[in-house]
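Here the structure is laid out as structure tokens; the discussion comes afterwards.
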Amino acid sequence: MRASGMVRPGFRAASDLTVLRLGLLVLALVLAGCASIVRLPPPPPMEVEGLRILDVPDARFWGDGDPAPLRRYLAQVLERREEDAPRPGGARLPPTHFLALSGGADDGAFGAGILAGWTESGTRPSFSLVTGISAGALIAPFAFLGPAYDDRLRELFTEIAPADVLRLGRIAVALLFREAIADTSPLAQLIGRHADEAMLAAIAAEHARGRLLLIGTVNLDVGRPVIWNIGAIASSGHPRALELFRSILLASASIPGAFPPVLIEVEHGGRRFEEMHVDGGAAMQVFLYPQGLVPREAWARAGLVRERTAWVIRNGRIDVVAADGPRGIFSIATRSARTLLHFSGVNDVNAIYLTALRDGVAFRLQAIGGDFQAPRPEPFDTSYMQALFEHGRARGRDPGSWRNAPPPVTLLAPAPP
């Protein structure tokens, strides 16, 4: 990049300005260590795994932990599901469907569009399992509750503006005195309008039928992924269940550093603590179930012979877009971080595919296509999200647009200016 205007002799604009900026950034980060988030102390780290939230059994599982608790819970769920769908004369059970929704920030409009178009096609199934991370977590409750919630989902992803999601502060002030660059109180209010008592009651009713809604966050105190069992929380009847549900949705969408972490209160040994939770994408950008679960064993023990399909919606691309090579330290760092996140998500999709193969589950995938090239002037731009919603909607109406295996990564030409 070349500097404009007068440059005094001997002053190398690009390199010297980069060094100056880097120095200021380092200084800001050093000074930021003087400021910290106001919170209760975290629980003792060696006891976190066994804590019960709101005293609700099986309210959450650890995505990287021993799969035995989730395996035991799955056996209970299968029993409820069997009661809800009895087999007259030992007939084969109808097919069952799983849905995994990835993160993607404003690209979540794609997944919302997929669901709307899928409903219009008349082929959208009911899902016995729905999982969500980040933007996918915001979509997941609507997808779980079915087509009756499509209009609300469309509103959430096509009728909002940047100010409805976040409030940006001055970056220097944020680095020095705050825990994040943006204030997400607008997003919290948006979640509060949609995630209400009626939604929680509807989730509880479906949970009683043996359906699962799982949302991922990361417990930043211990650096581990958490899988929240929203149906169990909704069914608990606890007076703070709705508050916890909203906090989980907000936490799953809280990108570390950009958005403030969400504090979730817990009690242990008669004392109050707070856990710090952030975007589940810090650990995994999409998930179906932990690979160590091996549910086919539980299915076999229960005698549940049926067809199973995992539908995966990646709210992002598989392909990469060509761009000029980075030159300065900031552009190199930005490109590196973007590459890391991209292939983390691609690898998560590949992991689901391999797990599905192992467990005899059919695999289907949607991702933003190379033919979508709408301009994105800023994050959460309304026109961009509306265009992406329509792109997803067209895909959802076309049953042939689903892939049965992850495609190879290809290089796309950059979008026209």
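Chain labels run A, B, ... following the order of the structure tokens; each chain numbers its residues from 1, and ligands are numbered from 1 in the order shown.
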Enumerate the residues of segment 102-309 of chain A with a DSSP assignment of alpha helix (DSSP H), computed from the backbone, and present them as JSON, numbers by chain. {"A": [108, 109, 110, 111, 112, 113, 114, 115, 116, 117, 118, 119, 120, 121, 135, 136, 137, 138, 139, 140, 141, 142, 143, 144, 145, 150, 151, 152, 153, 154, 155, 156, 157, 158, 171, 172, 173, 174, 175, 176, 177, 185, 186, 187, 188, 189, 190, 191, 192, 193, 194, 197, 198, 199, 200, 201, 202, 203, 204, 205, 206, 207, 230, 231, 232, 233, 234, 235, 241, 242, 243, 244, 245, 246, 247, 248, 249, 250, 251, 252, 295, 296, 297, 298, 299, 300, 301, 302]}
Strand (DSSP E) residues, from DSSP on the backbone, in segment 125-365 of chain A, as number ranges by chain: A: 129-133, 167-168, 182-183, 212-219, 224-229, 262-268, 271-279, 308-317, 320-321, 362-365
Kindly provide the residues of segment 57-79 of chain A that approach segment 273-290 of chain A to within 10 Å, each paired with its closest atom pair and their distance in Å to one decimal, based on only C-alpha atoms, listed by chain and increasing number, as JSON lines.
```
{"residue": "A:Phe61", "atom": "CA", "partner": "A:Pro290", "partner_atom": "CA", "distance": 9.9}
{"residue": "A:Trp62", "atom": "CA", "partner": "A:Pro290", "partner_atom": "CA", "distance": 9.0}
{"residue": "A:Gly63", "atom": "CA", "partner": "A:Pro290", "partner_atom": "CA", "distance": 6.0}
{"residue": "A:Asp64", "atom": "CA", "partner": "A:Pro290", "partner_atom": "CA", "distance": 7.3}
{"residue": "A:Gly65", "atom": "CA", "partner": "A:Pro290", "partner_atom": "CA", "distance": 8.9}
{"residue": "A:Asp66", "atom": "CA", "partner": "A:Pro290", "partner_atom": "CA", "distance": 9.6}
{"residue": "A:Pro67", "atom": "CA", "partner": "A:Pro290", "partner_atom": "CA", "distance": 7.3}
{"residue": "A:Leu70", "atom": "CA", "partner": "A:Pro290", "partner_atom": "CA", "distance": 9.0}
```
Sorted per-residue table, segment 206-322 of chain A near segment 136-158 of chain A, closest atoms and distance, 10 Å, only C-alpha atoms, as CSV:
```
residue,atom,partner,partner_atom,distance
A:Glu206,CA,A:Leu145,CA,7.8
A:Arg211,CA,A:Phe144,CA,8.6
A:Leu212,CA,A:Phe144,CA,8.4
A:Leu213,CA,A:Phe144,CA,6.8
A:Leu214,CA,A:Ala140,CA,8.4
A:Ile215,CA,A:Ala137,CA,5.8
A:Gly216,CA,A:Ala137,CA,7.5
A:Thr217,CA,A:Ala137,CA,9.3
A:Ile230,CA,A:Pro141,CA,9.0
A:Arg246,CA,A:Leu138,CA,10.0
A:Ile248,CA,A:Ala137,CA,8.8
A:Leu249,CA,A:Ala137,CA,6.2
A:Leu250,CA,A:Leu138,CA,8.4
A:Ala251,CA,A:Ala137,CA,9.6
A:Ser252,CA,A:Ala137,CA,6.6
A:Ala253,CA,A:Ala137,CA,7.4
A:Asp279,CA,A:Ala137,CA,9.7
A:Gly280,CA,A:Ala137,CA,9.1
A:Gln285,CA,A:Gly136,CA,9.0
A:Val286,CA,A:Gly136,CA,8.2
A:Ile313,CA,A:Gly136,CA,8.6
A:Arg314,CA,A:Gly136,CA,8.8
A:Asn315,CA,A:Gly136,CA,7.7
```
Prev. selection, N, CA and C atoms, output as a short mmCIF file (atom, residue, chain, number, x, y, z; two decimals), in the first residue's frame:
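Final file, out-v3.cif:
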```
data_model
loop_
_atom_site.label_atom_id
_atom_site.label_comp_id
_atom_site.auth_asym_id
_atom_site.auth_seq_id
_atom_site.Cartn_x
_atom_site.Cartn_y
_atom_site.Cartn_z
N GLU A 206 -41.31 -30.51 22.74
CA GLU A 206 -40.63 -31.37 21.77
C GLU A 206 -39.56 -32.23 22.44
N ARG A 211 -36.79 -35.42 21.28
CA ARG A 211 -36.02 -34.63 20.33
C ARG A 211 -35.00 -33.78 21.08
N LEU A 212 -33.84 -33.56 20.47
CA LEU A 212 -32.74 -32.88 21.13
C LEU A 212 -32.37 -31.58 20.42
N LEU A 213 -32.16 -30.53 21.21
CA LEU A 213 -31.64 -29.25 20.73
C LEU A 213 -30.38 -28.95 21.51
N LEU A 214 -29.23 -28.94 20.82
CA LEU A 214 -27.93 -28.76 21.47
C LEU A 214 -27.23 -27.53 20.90
N ILE A 215 -26.70 -26.71 21.78
CA ILE A 215 -26.00 -25.48 21.37
C ILE A 215 -24.63 -25.44 22.04
N GLY A 216 -23.62 -25.05 21.25
CA GLY A 216 -22.25 -25.07 21.73
C GLY A 216 -21.72 -23.70 22.12
N THR A 217 -21.02 -23.65 23.25
CA THR A 217 -20.24 -22.47 23.65
C THR A 217 -18.85 -22.97 24.04
N ILE A 230 -30.55 -27.77 25.57
CA ILE A 230 -31.57 -26.74 25.74
C ILE A 230 -32.92 -27.34 26.14
N ARG A 246 -31.34 -17.59 27.09
CA ARG A 246 -30.91 -16.38 26.39
C ARG A 246 -29.41 -16.16 26.52
N ILE A 248 -27.11 -18.42 26.89
CA ILE A 248 -26.41 -19.40 26.06
C ILE A 248 -26.41 -18.96 24.60
N LEU A 249 -27.56 -18.48 24.12
CA LEU A 249 -27.63 -17.99 22.73
C LEU A 249 -26.67 -16.83 22.52
N LEU A 250 -26.65 -15.89 23.47
CA LEU A 250 -25.76 -14.74 23.34
C LEU A 250 -24.29 -15.17 23.42
N ALA A 251 -23.99 -16.07 24.33
CA ALA A 251 -22.60 -16.54 24.48
C ALA A 251 -22.12 -17.24 23.22
N SER A 252 -22.98 -18.06 22.63
CA SER A 252 -22.56 -18.82 21.45
C SER A 252 -22.25 -17.90 20.27
N ALA A 253 -22.81 -16.69 20.29
CA ALA A 253 -22.57 -15.74 19.20
C ALA A 253 -21.54 -14.68 19.56
N ASP A 279 -18.18 -17.54 22.08
CA ASP A 279 -18.57 -18.22 20.83
C ASP A 279 -18.04 -19.65 20.78
N GLY A 280 -18.94 -20.60 20.54
CA GLY A 280 -18.52 -21.99 20.41
C GLY A 280 -17.57 -22.22 19.26
N GLN A 285 -16.68 -25.11 14.76
CA GLN A 285 -17.59 -24.23 14.03
C GLN A 285 -18.89 -24.92 13.62
N VAL A 286 -18.91 -26.21 13.69
CA VAL A 286 -20.14 -26.98 13.48
C VAL A 286 -19.91 -28.35 14.10
N ILE A 313 -25.50 -27.61 7.35
CA ILE A 313 -25.55 -26.31 6.68
C ILE A 313 -24.35 -25.50 7.14
N ARG A 314 -23.42 -25.26 6.24
CA ARG A 314 -22.28 -24.40 6.53
C ARG A 314 -22.62 -22.98 6.11
N ASN A 315 -22.74 -22.11 7.07
CA ASN A 315 -23.02 -20.70 6.78
C ASN A 315 -21.73 -20.00 6.39
#
```
If I take atom CA of Gly132 of chain A and atom CA of Asp55 of chain A, how far is one from the other in Å, to one decimal? 23.5 Å
Hey, what's within 10 Å of Arg335 of chain A if we count only C-alpha atoms and toss same-chain stuff fewer than 6 positions away? As a list in words, please?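 Answer for this query is Ala323, Gly325, Pro326, Ile329 and Leu341 of chain A.
Once Pro407 of chain A and its same-chain neighbours fewer than 3 positions away are set aside, Ile318, Asp319, Arg403, Asn404 and Thr410 of chain A remain within 9 Å of it when counting only C-alpha atoms.
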What does the file look like for those residues with C-alpha atoms, as a PDB file, in the first residue's frame?
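Output (again-v6.pdb):
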```pdb
ATOM      1  CA  ILE A 318     -16.025 -24.243   1.154  1.00  0.00           C
ATOM      2  CA  ASP A 319     -14.101 -22.527  -1.638  1.00  0.00           C
ATOM      3  CA  ARG A 403     -24.032 -32.616  -1.744  1.00  0.00           C
ATOM      4  CA  ASN A 404     -23.541 -36.113  -0.373  1.00  0.00           C
ATOM      5  CA  THR A 410     -11.367 -24.580  -5.271  1.00  0.00           C
TER       6      THR A 410
END
```
Please list as a PyMOL selection string every residue within 7 Å of Ala201 of chain A, counting only C-alpha atoms and excluding residues in the same chain fewer than 4 positions away. chain A and resi 197+205+234
Go ahead and compute the interatomic distance for atom CA of Arg364 of chain A and atom CA of Ala100 of chain A, in Å to one decimal.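 So the two atoms, atom CA of Arg364 of chain A and atom CA of Ala100 of chain A, lie 10.3 Å apart.
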One-decimal distance in Å that lies between atom CA of Leu357 of chain A and atom CA of Gly392 of chain A: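 The value is 26.1 Å.
Proximity of A:Arg193, A:Arg81, A:Arg240, A:His97 to Arg209 of chain A, computed with only C-alpha atoms, is greatest for A:Arg81.
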Tell me which of A:Phe372, A:Trp118, A:Trp228, A:Tyr353 sits closest to Gly316 of chain A, counting only C-alpha atoms.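 That would be A:Phe372, the residue with the smallest distance to Gly316 of chain A.
The shell of residues at most 10 Å from Asp196 of chain A, with only C-alpha atoms counted and near chain neighbours (fewer than 6 positions) removed, consists of A:Leu242, A:Glu243, A:Phe245, A:Arg246.
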Saved selection, atoms kept: N, CA and C atoms, as a short mmCIF file (atom, residue, chain, number, x, y, z; two decimals), in the first residue's frame:
```cif
data_model
loop_
_atom_site.label_atom_id
_atom_site.label_comp_id
_atom_site.auth_asym_id
_atom_site.auth_seq_id
_atom_site.Cartn_x
_atom_site.Cartn_y
_atom_site.Cartn_z
N LEU A 242 -35.32 -19.42 31.38
CA LEU A 242 -35.34 -18.54 30.20
C LEU A 242 -34.11 -17.64 30.18
N GLU A 243 -33.72 -17.12 31.34
CA GLU A 243 -32.52 -16.28 31.42
C GLU A 243 -31.29 -17.06 30.96
N PHE A 245 -31.24 -19.72 28.95
CA PHE A 245 -31.40 -19.96 27.52
C PHE A 245 -30.91 -18.76 26.72
N ARG A 246 -31.34 -17.59 27.09
CA ARG A 246 -30.91 -16.38 26.39
C ARG A 246 -29.41 -16.16 26.52
#
```
